[in-house]
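What follows is a short report on a single structure.
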Amino acid sequence: MTDMLTRIPAFRRGFRFQWEPAQDCHVLLYPEGMIKLNESASAVLGEVDGTRTVGAIVAELQARYPDAEGIEEDIVAFLEVAVERFWIELR
């Protein structure tokens with residue numbers, strides 16, 4: 001996991017994270033459609049800016065949600081799934 005913490009996540013070309021009023025939630029838009037995101041996914045993807053490392057994102061979310069146990073593992077696992085689904089890439 002240490003290697004993952006030094007990587008920089010960025011949205012893949014064609015993907016855009018935004019608030020969608022009609023859906024009343026954050027979504028991930030891409031040319032073929034839209035993915036509705038839950039609150040946890042929105043919190044993580046909202047921190048992805050293509051410049052900060054996974055470790056920096058984890059630190060930000062740990063500070064925002066200090067009572068969330070196991071948050072580092074959850075964030076890393078979610079980002080791994082996002083990579084597998086081609087939503088983001090790691091640099």
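The way I read the labels, and the way they are meant: chains A, B, ... in the order of the structure tokens, residue 1 as the first residue of every chain, and ligand 1 as the first ligand shown, with later ones counted on from there.
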Might you pull out every residue within 8 Å of Glu89 of chain A, with only C-alpha atoms counted and same-chain residues fewer than 4 positions away left off, and present them as a PyMOL selection string?
chain A and resi 9-12+83
Once you have the residues from the selection above, write them out as a compact mmCIF listing (two decimals), in the first residue's frame, restricted to N, CA, C and O atoms.
# COMPACT_ATOMS: atom_id res chain seq x y z
N PRO A 9 -3.54 10.21 -8.42
CA PRO A 9 -4.71 9.85 -9.22
C PRO A 9 -5.21 11.04 -10.04
O PRO A 9 -5.14 12.19 -9.60
N ALA A 10 -5.69 10.74 -11.24
CA ALA A 10 -6.27 11.77 -12.11
C ALA A 10 -7.40 11.12 -12.90
O ALA A 10 -7.34 9.92 -13.22
N PHE A 11 -8.42 11.91 -13.20
CA PHE A 11 -9.51 11.37 -14.01
C PHE A 11 -9.01 11.09 -15.41
O PHE A 11 -8.21 11.84 -15.96
N ARG A 12 -9.48 9.98 -15.95
CA ARG A 12 -9.11 9.63 -17.32
C ARG A 12 -9.75 10.62 -18.29
O ARG A 12 -10.78 11.24 -17.99
N VAL A 83 -9.62 2.59 -10.62
CA VAL A 83 -8.61 2.32 -11.65
C VAL A 83 -9.07 1.14 -12.51
O VAL A 83 -9.02 1.19 -13.75
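Around segment 17-32 of chain A, within 12 Å and counting only C-alpha atoms, the residues found are Ala10, Phe11, Arg12, Arg13, Gly14, Phe15, Met34, Ile35, Lys36, Leu37, Asn38, Glu39, Ser40, Ala41, Ser42, Ala43, Val44, Leu45, Gly46, Glu47, Val48, Asp49, Ala82, Phe86, Trp87 and Ile88 of chain A, once anything fewer than 2 positions away on its own chain is removed.
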Enumerate the residues of chain A with a DSSP assignment of strand (DSSP E), computed from the backbone, and present them as a ChimeraX atom specification.
/A:9-11,16-20,25-30,33-36,88-90
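Distances here use only C-alpha atoms; by that measure, the residue among A:Met4, A:Ala68, A:Ala63, A:Val76 closest to Leu90 of chain A is A:Met4.
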